[in-house]
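A.B. asks: The following file, protein20.tsv, comprises TSV, C-alpha atoms and all ligand atoms:
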chain	number	residue	atom	x	y	z
A	66	PRO	CA	-24.22	-20.73	17.92
A	67	LEU	CA	-27.01	-18.29	17.26
A	68	THR	CA	-30.16	-18.83	19.23
A	69	ALA	CA	-33.78	-17.71	19.08
A	70	GLY	CA	-35.66	-17.27	22.35
A	71	ILE	CA	-39.27	-18.40	22.56
A	72	VAL	CA	-41.48	-15.99	24.50
A	73	GLY	CA	-45.21	-15.47	24.98
A	74	LEU	CA	-47.89	-15.11	27.64
A	75	PRO	CA	-48.85	-18.17	29.73
A	76	ASN	CA	-51.14	-20.77	28.08
A	77	VAL	CA	-50.48	-19.75	24.49
A	78	GLY	CA	-48.73	-23.01	23.54
A	79	LYS	CA	-45.05	-22.26	24.19
A	80	SER	CA	-44.31	-25.47	26.09
A	81	THR	CA	-46.15	-27.53	23.51
A	82	LEU	CA	-44.02	-26.00	20.76
A	83	PHE	CA	-40.83	-26.29	22.79
A	84	ASN	CA	-41.61	-29.97	23.46
A	85	ALA	CA	-41.86	-30.45	19.71
A	86	ILE	CA	-38.46	-28.81	19.37
A	87	THR	CA	-36.75	-30.93	22.01
A	88	LYS	CA	-38.35	-34.10	20.67
A	89	SER	CA	-36.95	-33.36	17.21
A	90	GLN	CA	-33.63	-32.44	18.75
A	91	VAL	CA	-30.45	-33.58	17.01
A	92	GLU	CA	-28.62	-36.62	18.27
A	93	ALA	CA	-25.74	-35.57	20.46
A	94	ALA	CA	-23.55	-38.26	18.89
A	95	ASN	CA	-23.71	-36.52	15.51
A	96	TYR	CA	-23.33	-33.05	16.94
A	97	PRO	CA	-20.76	-33.33	19.73
A	98	PHE	CA	-20.34	-29.54	19.76
A	99	ALA	CA	-23.95	-28.80	20.55
A	100	THR	CA	-24.38	-28.00	24.21
A	101	ILE	CA	-27.51	-29.76	25.34
A	102	GLN	CA	-29.27	-27.91	28.15
A	103	PRO	CA	-32.79	-28.40	29.48
A	104	ASN	CA	-34.06	-25.06	28.18
A	105	VAL	CA	-32.25	-25.27	24.85
A	106	GLY	CA	-33.36	-27.28	21.83
A	107	VAL	CA	-30.92	-27.82	18.97
A	108	VAL	CA	-32.65	-28.70	15.70
A	109	GLU	CA	-31.50	-29.48	12.19
A	110	VAL	CA	-32.19	-26.85	9.55
A	111	PRO	CA	-34.16	-28.69	6.87
A	112	ASP	CA	-32.34	-28.40	3.55
A	113	HIS	CA	-33.36	-30.16	0.33
A	114	ARG	CA	-29.88	-29.49	-1.08
A	115	ILE	CA	-28.31	-31.86	1.45
A	116	ASP	CA	-30.92	-34.50	0.60
A	117	ARG	CA	-29.95	-34.21	-3.05
A	118	LEU	CA	-26.19	-34.35	-2.35
A	119	VAL	CA	-26.79	-37.52	-0.36
A	120	GLU	CA	-28.48	-39.06	-3.42
A	121	LEU	CA	-25.44	-38.18	-5.53
A	122	PHE	CA	-22.59	-39.04	-3.13
A	123	HIS	CA	-24.03	-41.83	-0.92
A	124	PRO	CA	-21.90	-40.56	1.97
A	125	LYS	CA	-21.20	-42.51	5.14
A	126	LYS	CA	-22.37	-39.54	7.18
A	127	THR	CA	-24.91	-36.78	6.61
A	128	ILE	CA	-24.92	-33.67	8.74
A	129	TYR	CA	-27.36	-30.82	8.50
A	130	THR	CA	-26.58	-27.48	9.96
A	131	THR	CA	-28.30	-26.65	13.22
A	132	PHE	CA	-30.20	-23.89	14.90
A	133	GLU	CA	-30.88	-23.35	18.60
A	134	PHE	CA	-34.07	-22.38	20.39
A	135	THR	CA	-34.14	-21.30	24.02
A	136	ASP	CA	-37.31	-21.62	26.06
A	137	ILE	CA	-37.88	-18.37	27.90
A	138	ALA	CA	-40.96	-19.21	29.93
A	139	GLY	CA	-42.48	-16.86	32.42
A	140	LEU	CA	-42.51	-13.49	30.76
A	141	VAL	CA	-45.58	-11.87	32.29
A	142	LYS	CA	-47.16	-8.47	32.57
A	143	GLY	CA	-45.01	-6.37	34.90
A	144	ALA	CA	-41.80	-8.33	34.23
A	145	SER	CA	-39.85	-5.13	33.56
A	146	LYS	CA	-40.88	-3.95	37.04
A	147	GLY	CA	-39.47	-7.17	38.46
A	148	GLU	CA	-42.78	-9.00	38.78
A	149	GLY	CA	-42.78	-12.78	38.65
A	150	LEU	CA	-39.24	-13.76	37.84
A	151	GLY	CA	-39.20	-10.72	35.58
A	152	ASN	CA	-35.65	-9.52	35.54
A	153	GLN	CA	-34.17	-12.96	35.26
A	154	PHE	CA	-36.29	-13.71	32.21
A	155	LEU	CA	-35.42	-10.44	30.58
A	156	SER	CA	-31.74	-11.16	31.03
A	157	ASN	CA	-32.28	-14.58	29.41
A	158	ILE	CA	-33.79	-12.87	26.38
A	159	ARG	CA	-30.79	-10.55	26.28
A	160	LEU	CA	-28.60	-13.58	25.46
A	161	THR	CA	-30.62	-14.55	22.39
A	162	ASP	CA	-30.12	-13.32	18.83
A	163	ALA	CA	-33.76	-13.32	17.73
A	164	ILE	CA	-37.13	-13.52	19.44
A	165	CYS	CA	-39.93	-15.95	18.53
A	166	HIS	CA	-43.12	-14.62	20.01
A	167	VAL	CA	-45.86	-17.25	20.34
A	168	VAL	CA	-49.36	-15.79	20.14
A	169	ARG	CA	-52.59	-17.61	20.92
A	170	CYS	CA	-54.91	-17.69	17.92
A	171	PHE	CA	-56.96	-20.70	19.03
A	172	GLU	CA	-60.26	-20.78	20.92
A	173	ASP	CA	-60.64	-23.35	23.67
A	174	ASP	CA	-62.95	-22.73	26.62
A	175	ASP	CA	-61.11	-25.35	28.66
A	176	ILE	CA	-57.84	-23.48	28.49
A	177	THR	CA	-57.94	-20.24	30.42
A	178	HIS	CA	-56.45	-17.13	28.94
A	179	VAL	CA	-54.56	-15.06	31.51
A	180	GLU	CA	-56.28	-11.94	30.18
A	181	GLY	CA	-59.73	-13.51	30.07
A	182	ASN	CA	-60.28	-13.85	26.33
A	183	VAL	CA	-58.41	-14.51	23.09
A	184	ASP	CA	-57.03	-11.27	21.64
A	185	PRO	CA	-53.64	-11.70	19.99
A	186	ILE	CA	-52.95	-8.02	19.35
A	187	ARG	CA	-53.49	-7.14	23.00
A	188	ASP	CA	-51.20	-10.05	23.95
A	189	ILE	CA	-48.52	-8.92	21.52
A	190	GLU	CA	-48.66	-5.42	22.94
A	191	ILE	CA	-48.40	-6.65	26.54
A	192	ILE	CA	-45.18	-8.51	25.79
A	193	ASN	CA	-43.77	-5.82	23.54
A	194	LEU	CA	-44.43	-3.20	26.20
A	195	GLU	CA	-42.41	-5.22	28.72
A	196	LEU	CA	-39.53	-5.44	26.27
A	197	ILE	CA	-39.76	-1.71	25.56
A	198	MET	CA	-39.80	-0.85	29.27
A	199	ALA	CA	-36.76	-3.03	29.87
A	200	ASP	CA	-34.90	-1.25	27.05
A	201	LEU	CA	-35.90	2.14	28.43
A	202	GLN	CA	-34.32	1.19	31.74
A	203	THR	CA	-31.14	0.10	29.98
A	204	ILE	CA	-31.00	3.36	28.02
A	205	ASP	CA	-31.74	5.55	31.05
A	206	ASN	CA	-29.03	3.83	33.09
A	207	ARG	CA	-26.52	4.36	30.36
A	208	LEU	CA	-27.61	7.94	29.68
A	209	SER	CA	-27.14	8.95	33.30
A	210	LYS	CA	-23.52	7.82	33.10
A	211	VAL	CA	-22.52	9.01	29.69
A	212	GLU	CA	-24.42	12.29	29.62
A	213	ARG	CA	-22.26	13.70	32.38
A	214	LYS	CA	-19.12	12.80	30.49
A	215	ALA	CA	-20.48	14.37	27.32
A	216	LEU	CA	-21.27	17.59	29.17
A	217	THR	CA	-18.16	17.97	31.31
A	218	ASN	CA	-15.29	16.94	29.03
A	219	LYS	CA	-17.08	17.25	25.69
A	220	ASP	CA	-15.65	13.84	24.91
A	221	LYS	CA	-16.47	13.18	21.23
A	222	ASP	CA	-17.48	9.53	21.60
A	223	SER	CA	-19.73	10.32	24.55
A	224	VAL	CA	-21.45	13.11	22.64
A	225	LYS	CA	-22.16	10.70	19.80
A	226	GLU	CA	-23.41	8.04	22.17
A	227	VAL	CA	-25.76	10.44	23.93
A	228	ALA	CA	-27.26	11.43	20.57
A	229	VAL	CA	-28.01	7.80	19.65
A	230	LEU	CA	-29.37	6.98	23.09
A	231	LYS	CA	-31.73	9.96	22.95
A	232	LYS	CA	-32.95	8.99	19.52
A	233	LEU	CA	-33.76	5.49	20.80
A	234	LYS	CA	-35.32	6.81	23.99
A	235	GLU	CA	-37.71	8.96	22.00
A	236	ALA	CA	-38.89	5.97	19.95
A	237	LEU	CA	-39.23	3.71	22.98
A	238	GLU	CA	-41.22	6.34	24.85
A	239	ALA	CA	-43.57	6.49	21.88
A	240	GLY	CA	-44.09	2.73	22.30
A	241	LYS	CA	-41.94	1.77	19.32
A	242	ALA	CA	-39.30	-0.95	19.18
A	243	ALA	CA	-35.64	0.07	18.81
A	244	ARG	CA	-35.51	-1.89	15.55
A	245	THR	CA	-37.93	0.61	13.97
A	246	VAL	CA	-35.38	3.43	14.38
A	247	ASP	CA	-33.19	4.13	11.35
A	248	LEU	CA	-29.62	3.81	12.55
A	249	GLU	CA	-26.39	4.31	10.62
A	250	LYS	CA	-23.78	1.58	10.84
A	251	GLU	CA	-21.69	3.65	13.24
A	252	GLU	CA	-24.72	4.20	15.50
A	253	LEU	CA	-25.56	0.52	15.42
A	254	ASP	CA	-22.02	-0.31	16.52
A	255	ILE	CA	-22.41	1.98	19.52
A	256	VAL	CA	-25.77	0.48	20.44
A	257	LYS	CA	-24.71	-3.16	20.03
A	258	ALA	CA	-23.03	-3.23	23.43
A	259	PHE	CA	-26.37	-2.79	25.22
A	260	SER	CA	-28.09	-5.91	23.83
A	261	LEU	CA	-31.39	-4.06	23.50
A	262	LEU	CA	-34.31	-6.48	23.45
A	263	THR	CA	-36.39	-4.59	20.92
A	264	LEU	CA	-33.48	-4.33	18.52
A	265	LYS	CA	-33.47	-8.08	18.02
A	266	PRO	CA	-35.35	-9.38	14.99
A	267	MET	CA	-38.72	-10.88	15.89
A	268	ILE	CA	-41.02	-13.50	14.43
A	269	TYR	CA	-44.61	-13.94	15.53
A	270	ILE	CA	-45.77	-17.53	15.76
A	271	ALA	CA	-49.55	-17.71	15.41
A	272	ASN	CA	-50.69	-20.86	17.22
A	273	MET	CA	-54.02	-22.09	15.82
A	274	SER	CA	-56.16	-25.24	15.71
A	275	ASP	CA	-55.36	-28.36	13.70
A	276	VAL	CA	-58.31	-27.61	11.42
A	277	GLU	CA	-57.52	-23.98	10.69
A	278	ILE	CA	-53.83	-24.59	10.10
A	279	ALA	CA	-54.65	-26.11	6.70
A	280	GLU	CA	-55.98	-22.69	5.72
A	281	PRO	CA	-54.52	-20.10	8.10
A	282	GLU	CA	-56.27	-17.20	6.36
A	283	SER	CA	-59.56	-18.61	7.62
A	284	ASN	CA	-58.49	-17.70	11.15
A	285	GLU	CA	-59.45	-14.09	11.84
A	286	TYR	CA	-56.91	-13.79	14.67
A	287	TYR	CA	-54.18	-14.83	12.28
A	288	GLN	CA	-55.24	-12.15	9.81
A	289	LYS	CA	-54.97	-9.53	12.53
A	290	VAL	CA	-51.53	-10.72	13.63
A	291	LYS	CA	-50.39	-10.77	10.02
A	292	ALA	CA	-51.51	-7.18	9.41
A	293	TYR	CA	-49.87	-6.10	12.67
A	294	ALA	CA	-46.61	-7.86	11.81
A	295	GLU	CA	-46.58	-6.31	8.35
A	296	SER	CA	-46.99	-2.84	9.80
A	297	GLU	CA	-43.84	-3.48	11.86
A	298	HIS	CA	-41.97	-5.24	9.01
A	299	ASN	CA	-41.93	-8.43	11.05
A	300	GLU	CA	-42.85	-11.89	9.86
A	301	VAL	CA	-45.54	-14.21	11.13
A	302	VAL	CA	-45.57	-18.00	10.81
A	303	PRO	CA	-48.79	-19.97	11.37
A	304	VAL	CA	-48.36	-23.18	13.35
A	305	CYS	CA	-50.46	-25.68	15.22
A	306	ALA	CA	-48.29	-26.46	18.21
A	307	LYS	CA	-50.24	-29.66	18.95
A	308	ILE	CA	-49.63	-31.02	15.47
A	309	GLU	CA	-45.96	-30.11	15.73
A	310	GLU	CA	-45.75	-32.12	18.92
A	311	GLU	CA	-47.24	-35.15	17.15
A	312	LEU	CA	-45.00	-34.67	14.12
A	313	SER	CA	-41.88	-34.52	16.23
A	314	GLY	CA	-42.29	-38.18	17.21
A	315	LEU	CA	-42.33	-39.37	13.58
A	316	ASP	CA	-39.58	-40.18	11.11
A	317	LYS	CA	-39.25	-38.25	7.86
A	318	GLU	CA	-41.50	-40.46	5.75
A	319	GLU	CA	-44.27	-40.72	8.33
A	320	LYS	CA	-44.03	-37.00	8.85
A	321	ASN	CA	-44.61	-36.27	5.15
A	322	GLU	CA	-47.56	-38.67	4.99
A	323	PHE	CA	-49.16	-37.09	8.05
A	324	LEU	CA	-48.69	-33.58	6.64
A	325	GLN	CA	-50.28	-34.64	3.37
A	326	GLU	CA	-53.27	-36.08	5.18
A	327	LEU	CA	-53.72	-32.80	7.01
A	328	GLY	CA	-53.33	-30.79	3.81
A	329	ILE	CA	-50.33	-28.83	5.10
A	330	PRO	CA	-47.43	-28.35	2.69
A	331	GLU	CA	-44.74	-27.94	5.33
A	332	SER	CA	-44.39	-28.37	9.08
A	333	GLY	CA	-44.83	-25.07	10.92
A	334	LEU	CA	-41.74	-25.72	12.99
A	335	ASP	CA	-39.64	-26.20	9.84
A	336	LYS	CA	-41.01	-22.88	8.63
A	337	VAL	CA	-40.11	-21.20	11.92
A	338	ILE	CA	-36.56	-22.59	11.70
A	339	LYS	CA	-36.12	-21.36	8.14
A	340	THR	CA	-37.58	-17.95	8.92
A	341	ALA	CA	-35.35	-17.49	11.99
A	342	TYR	CA	-32.35	-18.48	9.89
A	343	ARG	CA	-33.27	-15.96	7.22
A	344	ILE	CA	-33.98	-12.96	9.45
A	345	LEU	CA	-30.59	-13.48	11.11
A	346	ASP	CA	-28.96	-13.19	7.65
A	347	LEU	CA	-27.64	-16.72	7.91
A	348	CYS	CA	-26.64	-18.66	4.82
A	349	THR	CA	-25.47	-22.20	4.15
A	350	PHE	CA	-22.46	-23.53	2.31
A	351	LEU	CA	-22.06	-27.22	1.63
A	352	THR	CA	-19.25	-29.73	1.66
A	353	ALA	CA	-19.72	-32.96	-0.24
A	354	GLY	CA	-17.82	-36.21	-0.57
A	355	GLU	CA	-18.11	-39.94	-0.12
A	356	ASP	CA	-17.29	-39.68	3.57
A	357	GLU	CA	-19.61	-36.89	4.47
A	358	CYS	CA	-22.17	-34.47	3.07
A	359	ARG	CA	-22.61	-31.54	5.33
A	360	ALA	CA	-24.23	-28.12	5.59
A	361	TRP	CA	-22.48	-25.27	7.40
A	362	THR	CA	-23.85	-21.97	8.60
A	363	PHE	CA	-22.20	-18.65	7.83
A	364	LYS	CA	-23.20	-15.03	8.04
A	365	LYS	CA	-24.01	-13.28	4.77
A	366	GLY	CA	-20.94	-11.38	3.55
A	367	MET	CA	-18.29	-13.71	4.97
A	368	LEU	CA	-15.19	-14.34	2.84
A	369	ALA	CA	-13.79	-17.77	1.90
A	370	PRO	CA	-11.12	-17.93	4.64
A	371	GLN	CA	-13.67	-17.07	7.35
A	372	CYS	CA	-15.98	-19.78	6.03
A	373	ALA	CA	-13.07	-22.23	6.13
A	374	GLY	CA	-12.72	-21.17	9.76
A	375	VAL	CA	-16.29	-22.29	10.43
A	376	ILE	CA	-15.08	-25.84	9.79
A	377	HIS	CA	-11.80	-25.51	11.66
A	378	THR	CA	-9.67	-22.59	12.83
A	379	ASP	CA	-6.61	-24.21	11.20
A	380	PHE	CA	-8.40	-24.06	7.85
A	381	GLU	CA	-8.67	-20.30	8.18
A	382	LYS	CA	-5.06	-19.76	9.26
A	383	GLY	CA	-3.60	-21.88	6.48
A	384	PHE	CA	-6.15	-20.99	3.80
A	385	ILE	CA	-4.80	-21.20	0.25
A	386	ARG	CA	-7.89	-21.32	-1.93
A	387	ALA	CA	-11.33	-22.82	-2.30
A	388	GLU	CA	-12.62	-25.01	-5.08
A	389	CYS	CA	-16.17	-23.93	-5.58
A	390	TYR	CA	-19.25	-24.79	-7.58
A	391	LYS	CA	-22.95	-24.03	-7.25
A	392	PHE	CA	-25.38	-26.56	-5.83
A	393	GLU	CA	-27.64	-25.90	-8.84
A	394	ASP	CA	-24.87	-27.09	-11.19
A	395	ILE	CA	-24.30	-30.44	-9.53
A	396	ASP	CA	-28.06	-30.83	-9.12
A	397	GLU	CA	-28.45	-30.43	-12.87
A	398	LEU	CA	-25.30	-32.22	-14.09
A	399	GLY	CA	-25.34	-35.11	-11.63
A	400	SER	CA	-21.69	-35.41	-10.58
A	401	GLU	CA	-18.62	-33.41	-9.62
A	402	LEU	CA	-16.81	-34.71	-12.67
A	403	ALA	CA	-19.56	-33.42	-14.95
A	404	VAL	CA	-19.45	-30.07	-13.18
A	405	LYS	CA	-15.69	-29.89	-13.76
A	406	GLU	CA	-16.01	-30.89	-17.42
A	407	ALA	CA	-18.63	-28.24	-17.96
A	408	GLY	CA	-16.12	-25.68	-16.67
A	409	LYS	CA	-18.31	-24.81	-13.72
A	410	LEU	CA	-15.78	-25.48	-11.00
A	411	HIS	CA	-14.01	-22.27	-9.99
A	412	LEU	CA	-10.92	-21.57	-7.92
A	413	GLU	CA	-11.57	-18.79	-5.46
A	414	GLY	CA	-9.08	-16.82	-3.35
A	415	LYS	CA	-9.00	-14.96	-0.06
A	416	GLU	CA	-11.30	-12.19	-1.25
A	417	TYR	CA	-14.12	-14.42	-2.44
A	418	GLU	CA	-17.47	-13.69	-0.79
A	419	VAL	CA	-19.11	-17.06	-0.26
A	420	GLN	CA	-22.69	-17.39	-1.54
A	421	ASP	CA	-25.59	-19.36	-0.15
A	422	GLY	CA	-25.59	-22.81	-1.80
A	423	ASP	CA	-21.88	-22.88	-2.71
A	424	VAL	CA	-20.30	-26.33	-2.54
A	425	LEU	CA	-16.72	-25.87	-1.33
A	426	HIS	CA	-13.47	-27.80	-0.98
A	427	PHE	CA	-10.83	-25.88	0.93
A	428	ARG	CA	-7.11	-26.12	0.19
A	429	PHE	CA	-4.93	-25.11	3.09
A	430	ASN	CA	-1.42	-25.35	4.59
A	431	VAL	CA	-1.03	-27.16	7.86
B	1	LIG	P1	-47.60	-22.23	27.65
B	1	LIG	O1	-48.09	-21.85	28.99
B	1	LIG	O2	-47.57	-21.06	26.71
B	1	LIG	O3	-46.33	-23.00	27.66
B	1	LIG	O4	-48.74	-23.15	27.02
B	1	LIG	P2	-48.81	-24.74	26.89
B	1	LIG	O5	-47.99	-25.22	25.76
B	1	LIG	O6	-48.62	-25.38	28.21
B	1	LIG	O7	-50.33	-24.87	26.44
B	1	LIG	C1	-51.38	-24.54	27.30
B	1	LIG	C2	-52.55	-25.44	26.99
B	1	LIG	O8	-53.04	-25.16	25.67
B	1	LIG	C3	-52.17	-26.91	27.01
B	1	LIG	O9	-53.24	-27.61	27.62
B	1	LIG	C4	-52.04	-27.28	25.55
B	1	LIG	O10	-52.36	-28.63	25.31
B	1	LIG	C5	-53.06	-26.35	24.90
B	1	LIG	N1	-52.72	-26.02	23.52
B	1	LIG	C6	-51.52	-25.71	22.99
B	1	LIG	N2	-51.63	-25.49	21.67
B	1	LIG	C7	-52.93	-25.66	21.35
B	1	LIG	C8	-53.70	-25.57	20.14
B	1	LIG	O11	-53.17	-25.30	19.06
B	1	LIG	N3	-55.04	-25.80	20.25
B	1	LIG	C9	-55.65	-26.10	21.43
B	1	LIG	N4	-56.96	-26.30	21.46
B	1	LIG	N5	-54.96	-26.22	22.57
B	1	LIG	C10	-53.63	-26.00	22.54
Take the structure from the file and write it as structure tokens.
C.D. replies:
Amino acid sequence: PLTAGIVGLPNVGKSTLFNAITKSQVEAANYPFATIQPNVGVVEVPDHRIDRLVELFHPKKTIYTTFEFTDIAGLVKGASKGEGLGNQFLSNIRLTDAICHVVRCFEDDDITHVEGNVDPIRDIEIINLELIMADLQTIDNRLSKVERKALTNKDKDSVKEVAVLKKLKEALEAGKAARTVDLEKEELDIVKAFSLLTLKPMIYIANMSDVEIAEPESNEYYQKVKAYAESEHNEVVPVCAKIEEELSGLDKEEKNEFLQELGIPESGLDKVIKTAYRILDLCTFLTAGEDECRAWTFKKGMLAPQCAGVIHTDFEKGFIRAECYKFEDIDELGSELAVKEAGKLHLEGKEYEVQDGDVLHFRFNV
């Protein structure tokens, strides 16, 4: 499964947020495939479409799709030089698919800031610099190996690789993330093998007080982070980690009531989950029946047989066709029968590119 790593300086609210994640963790009984580890939190991806299918089908079982967060505590200034537990933490980030960067946007004299005062942009730049330095090391190591090959035997692949590495090196040395460099598909394929940290998509999580969260724009730190994120084409999600921790102990109904009282339309954690899902180009297809209504994750661009394979490898091997309709159609018409009668159920073959919100039944040979 894809996973987003949570990073940030000490005392910015990472543990508080991660506690909220583990407390809202899925029940292992429903998700036997989820590996539950102490530094990993597996959460359901909120999806109103599943809620609606449940109303229509009254299934015995309801399963949302899931997303994983990994707690990567301990990234500090100097990590790329091996300070603290630096290198170990950097290699933990290497294993993640996206980075959630928690930034302190709250004032509290009782909670020390490692840098002395609240200044989210400085904090962002400290962490980003560590990530950039780590990538520079990776690139330099690789360059020293492959450059020789490119020079001595003029090996075509090596020459290409050196060109990409140099392009990235130049950006990194200018303090820019690898993701800001325009790379062709072929170049990206070359670079993929190195798991560069600054190539991973990033979300900033602006942690602010329970009062300001109702109107994030009122927080001047948030405004700064937002402008900074926009300049990098990254997203920022405002949260109040403390509220998220309280919310995580409540059931759905209580949660909604509490949010309403606070004047917040949606839990910040839910927003983080959805944003992480989106920036990783993840989509959802649905399966619906009286036994089970379920959401499944697939990567944008996947064809019907591959999506069948998400459910079971045998489904992919023996794929014949998919019966498919849009969630919007059943939402409007109220039943599968009505969808069929309206001519909105389609048979799709091996070349069909599955769309977000498709409801699918797979036909396959065993
Ligand atoms: P970490 O070091 O980044 O994991 O930070 P923690 O989650 O341990 O938080 C550090 C301290 O800040 C704890 O005492 C938290 O209770 C507190 N804290 C976290 N979020 C907030 C917040 O939104 N507002 C305030 N005032 N305190 C917070």
A.B. asks: Dump the neighbourhood of ligand LIG 1 (chain B) as a list in words: all residues within 8 Å, distances computed on all atoms listed in the file.
C.D. replies: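 Written in the requested form, the residues are Gly73, Leu74, Pro75, Asn76, Val77, Gly78, Lys79, Ser80, Thr81, Leu82, Phe83, Ala138, Val167, Arg169, Cys170, Phe171, Glu172, Asp173, Ile176, Asn272, Met273, Ser274, Asp275, Val304, Cys305, Ala306, Lys307 and Ile308 of chain A.
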A.B. asks: Considering only C-alpha atoms, return as JSON, numbers by chain whatever protein or nucleic-acid residues lie within 12 Å of A:Tyr293, sequence-local ones (same chain, fewer than 5 positions apart) excluded.
C.D. replies: {"A": [185, 186, 187, 189, 190, 268, 269, 271, 286, 287, 288, 298, 299, 300, 301]}
A.B. asks: Between atom CA of A:Ser400 and atom CA of A:Ile115, what distance in Å does the model show, to one decimal?
C.D. replies: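 Computed distance, atom CA of A:Ser400 to atom CA of A:Ile115, equals 14.2 Å.
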A.B. asks: Give as a PyMOL selection string the set of residues within 12 Å of the point (-14.7, -37.4, 3.3), where distances use the file's coordinates and all atoms listed in the file.
C.D. replies: chain A and resi 122-127+352-359+426
A.B. asks: Using all atoms listed in the file, which of A:Arg159, A:Lys317, A:Lys210, A:His166 sits nearest A:Ile192?
C.D. replies: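 Result for the nearest residue to A:Ile192: A:His166.
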A.B. asks: With distances taken over all atoms listed in the file, which of A:Val211, A:Asp222, A:Leu121, A:Ser89 is nearest to A:Glu401?
C.D. replies: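 Result for the nearest residue to A:Glu401: A:Leu121.
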A.B. asks: Taking 6 positions as the minimum chain separation for residues in the same chain, which residues sit within 8 Å of stretch 248-263 of chain A when counting all atoms listed in the file? Answer as a PyMOL selection string.
C.D. replies: chain A and resi 158-160+193+196-197+199-200+203+226+229-230+242
A.B. asks: Interatomic distance between atom CA of A:Phe392 and atom CA of A:Gly422?
C.D. replies: 5.5 Å
